[in-house]
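Written out below as structure tokens is the structure these notes cover.
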Amino acid sequence: MKKTIITVVGHDAVGIIAKVCTYLADNGINILDISQTIVQGWFNMMMITDFSKATKPFGDIAEELEKLGEDIGVQIKCQSEDIFSAMHRI
Amino acid sequence: MINIFEVEETNKMIERENLDVRTITLGISLHDCISDDLNKLCDNIFNKITTVAKDLVKTGEEISTELGVPIVNKRISVTPIGLIGAAACKSTDDFVKIALTLDKAAKAVGVNFIGGYTALAAKGMTKAEEMLIRSIPKALASTERIMSSVVLGSTRTGLNMDGVRLMGDIIKETAEATKDNDSIGCTKLVVLCNAPDDNPFMAGAFHGVTETDSIINVGVSGPGVVKHVLQSVHGESFEVLCETIKKTAFKVTRVGQLVAKEASERLGIPFGIVDLSLAPTPAIGDSVADILCEMGLEQTGAPGTTAALALLNDQVKKGGVMASSYVGGLSGAFIPVSEDQGMIDAVEAGALTIEKLEAMTCVCSVGLDMIAIPGDTPNTTISGIIADELAIGMINQKTTAVRIIPVIGKGVGDNVEFGGLLGYAPIMPVNKFGCADFVNRGGRIPAPIHSFKN
């Protein structure tokens with residue numbers, strides 16, 4: 001299973017996690033792990049997800065999540081876990 | 001499992017420190033296109049490139065989206081045209097026709113540059129290679145995406161001084177042929193010593209004769225990342241400085257290795273090498289000169305610059321070499337002037353001269369790169385600059401190169417704007433004393449004593 005890392009960064013607000021999770025559920029994406037911090041009012045979340053049963057191609061989901069982020073005032077990025085493993089694991 | 005801090009570090013490098021993969025370069029052999037009929041040759045070349053490279057750009061963009069890291073350029077290198085066109089070309093215009101075909105193929109598959117309009121003339125020129133060299137001014141003036149290179153020396157063969165003399169004329173003619181556009185043709189023309197067969201970076205990329213049918217080579221970048229991480233060890237000892245560069249180079253190179261592996265799998269084309277280079281861009285903060293300043297120099301060009309660059313180059317290689325299964329190409333820090341805002345600032349401040357740049361090329365890849373000089377510089381002086389630079393490569397068993405732009409109609413005090421990744425440059429003064437009697441001798445400089453290793 002290839003994992004996908006979703007990061008959400010921006011001003012804290014009510015319902016960020018709810019909106020992102022609803023989108024993921026609607027599109028067949030399973031959440032494996034969530035970690036979240038708030039540093040000086042900045043919301044910072046990382047989700048490890050499984051796209052293997054996703055109902056849309058990766059590129060479309062990445063684009064829609066980015067747009068969802070713009071609507072709620074945060075930046076949402078969607079990246080294969082591979083880039084992080086490559087850089088941070090020998 | 002990956003944690004939030006690691007994710008944050010990677011994304012900070014990408015978003016704020018200009019981490020990117022500079023190029024995926026697809027090397028394509030054109031040996032099987034050879035024909036003695038020029039039209040047939042051109043058809044074969046066009047068909048081969050547009051077949052092998054048809055998914056290159058799309059695949060590059062898909063990988064970029066999935067990993068969230070920019071892959072700035074998708075490019076092609078081909079077998080040196082001096083070899084491929086030898087049977088069919090009877091005139092310089094015949095070679096220009098091949099250049100137009102390559103340009104058309106590059107546009108058809110959507111790559112921004114295609115390298116390999118090249119003559120391998122380290123020891124001598126065949127008739128075809130001389131014709132190709134003489135066709136360069138017209139070829140570069142009538143195409144957009146062709147990159148041309150001429151190999152005029154190696155540690156094994158010595159220097160082809162007839163070729164060096166000829167290239168003084170050709171560089172000037174290329175400048176004249178593109179003078180309405182600030183002599184931009186010369187930004188696409190490089191003269192090399194000890195040229196690697198697997199270099200993914202332009203203008204010197206070509207698909208060497210030692211290579212397989214097609215291959216994926218990747219060039220990484222990341223001067224901005226190195227500079228930012230060095231800010232966190234400001235004032236620390238050389239040991240700390242070196243360790244920090246090595247660790248960062250490792251991480252940057254791993255991204256290149258991952259992209260190369262993915263591209264190779266998806267395109268069904270073997271992976272060649274990752275080129276471990278720090279390639280600057282004109283973007284603020286994406287500068288090799290800024291790294292040198294962060295190490296403690298007031299300006300690049302100040303005493304200490306060569307040592308700082310030597311250290312940087314060596315640590316980048318040491319960090320990168322473990323991160324990739326195959327390294328190759330140029331691998332080191334690039335020091336182009338017009339493509340690096342810090343270098344431009346150093347020239348404008350009077351800190352950096354051509355002579356200091358020449359010294360710097362002894363310890364890094366690649367050579368005198370993207371340097372604008374007065375348009376009235378004598379042809380023989382350009383040949384002399386080339387001879388000096390190639391001699392450094394020959395004696396030190398390293399790649400060196402000259403990409404110099406005599407800007408027609410401009411002199412010291414003027415600026416020249418090339419645009420995009422090529423940047424802009426102040427015109428640099430050139431030593432006024434002549435070397436015509438030296439370069440006009442003809443013949444070649446013998447290979448150095450340490451080339452006899454058998």
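Each chain in the structure tokens gets a letter, A, B, ..., in the order shown, and its residues are numbered from 1; ligands are numbered from 1 in order too.
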What are the closest atom pairs, with distances in Å to one decimal, for all residues of chain B lying within 8 Å of chain A? Consider only C-alpha atoms, order rows by chain and residue number, and present the result as a Markdown table.
```
| residue | atom | partner | partner_atom | distance |
| --- | --- | --- | --- | --- |
| B:Ile2 | CA | A:Ser85 | CA | 6.9 |
| B:Ile4 | CA | A:Met46 | CA | 6.1 |
| B:Glu6 | CA | A:His88 | CA | 6.9 |
| B:Val7 | CA | A:Phe84 | CA | 6.4 |
| B:Thr10 | CA | A:Phe84 | CA | 7.0 |
| B:Glu62 | CA | A:Gly59 | CA | 7.7 |
| B:Thr65 | CA | A:Gly59 | CA | 6.7 |
| B:Glu66 | CA | A:Gln79 | CA | 5.3 |
| B:Leu67 | CA | A:Gln79 | CA | 4.8 |
| B:Gly68 | CA | A:Gln79 | CA | 5.4 |
| B:Phe250 | CA | A:Met87 | CA | 7.7 |
| B:Lys251 | CA | A:Met87 | CA | 4.7 |
| B:Val252 | CA | A:Met87 | CA | 7.2 |
| B:Arg254 | CA | A:Ala86 | CA | 5.6 |
| B:Val255 | CA | A:Ile83 | CA | 6.4 |
| B:Leu258 | CA | A:Ala86 | CA | 6.9 |
```
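The shell of residues at most 10 Å from B:Lys227, with only C-alpha atoms counted and near chain neighbours (fewer than 6 positions) removed, consists of Glu17, Ile245, Thr248, Gly285, Asp286, Ser287, Val288, Ala289, Asp290, Ile291, Leu292, Cys293, Glu294 and Met295 of chain B.
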### Task
Step one, run DSSP on the backbone; step two, keep only residues of stretch 9-77 of chain A assigned to strand (DSSP E); then write them as a ChimeraX atom specification.
/A:9-11,30-39,42-50,74-77
### Task
Would you mind listing what lies within 9 Å of stretch 331-348 of chain B as a ChimeraX atom specification, with only C-alpha atoms counted and same-chain residues fewer than 2 positions away left out?
/B:199,219,223,274-290,293,299-301,309,312-314,316-317,327-329,350-353,357,360-361,364-372,403,416-418,421-426,428
